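Student: What follows is a structure written as structure tokens; I'll ask about it next.
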Amino acid sequence: MKRYHIPKTALICLIAGLMMTTLTPILGRYIPISAFLKGIINGLGLMLEVIAIIKISRRNKDNKCKHHIANGS
């Protein structure tokens, strides 16, 4: 069974991005937030999620390259 190690920075970015994109509509229900501010917050949240996915995929790619070099294949 493979265990994937997610870098701490990627995990923080992913959690922060998910919180930003999911809490905006909830807060908008109780606090009046302009559409511009909602768009900025959602955009930043999505950007953080994409950064986290890129960091995770780079980490996995580096591990695969090191594995192939170590095995000689």
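A note on labels: chains of the structure tokens are A, B, ... as shown, every chain counts residues from 1, and ligands are counted from 1 in their shown order.
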List as a count of residues only the protein and nucleic acid residues near Ile54 of chain A, meaning an atom at most 12 Å away when only C-alpha atoms are counted, but skip any in the same chain fewer than 4 places from it.

Tutor: 15

Student: Can you pull out the residues contacting segment 24-27 of chain A? Cut-off 12 Å, using only C-alpha atoms, and skip same-chain residues under 2 positions away; I want them as a list in words.

Tutor: Gly17, Leu18, Met19, Met20, Thr21, Thr22, Arg29, Tyr30, Ile31, Pro32, Ile33, Ser34, Ala35, Phe36, Leu37, Lys38, Gly39, Ile40, Ile41, Asn42, Gly43, Leu44 and Gly45 of chain A
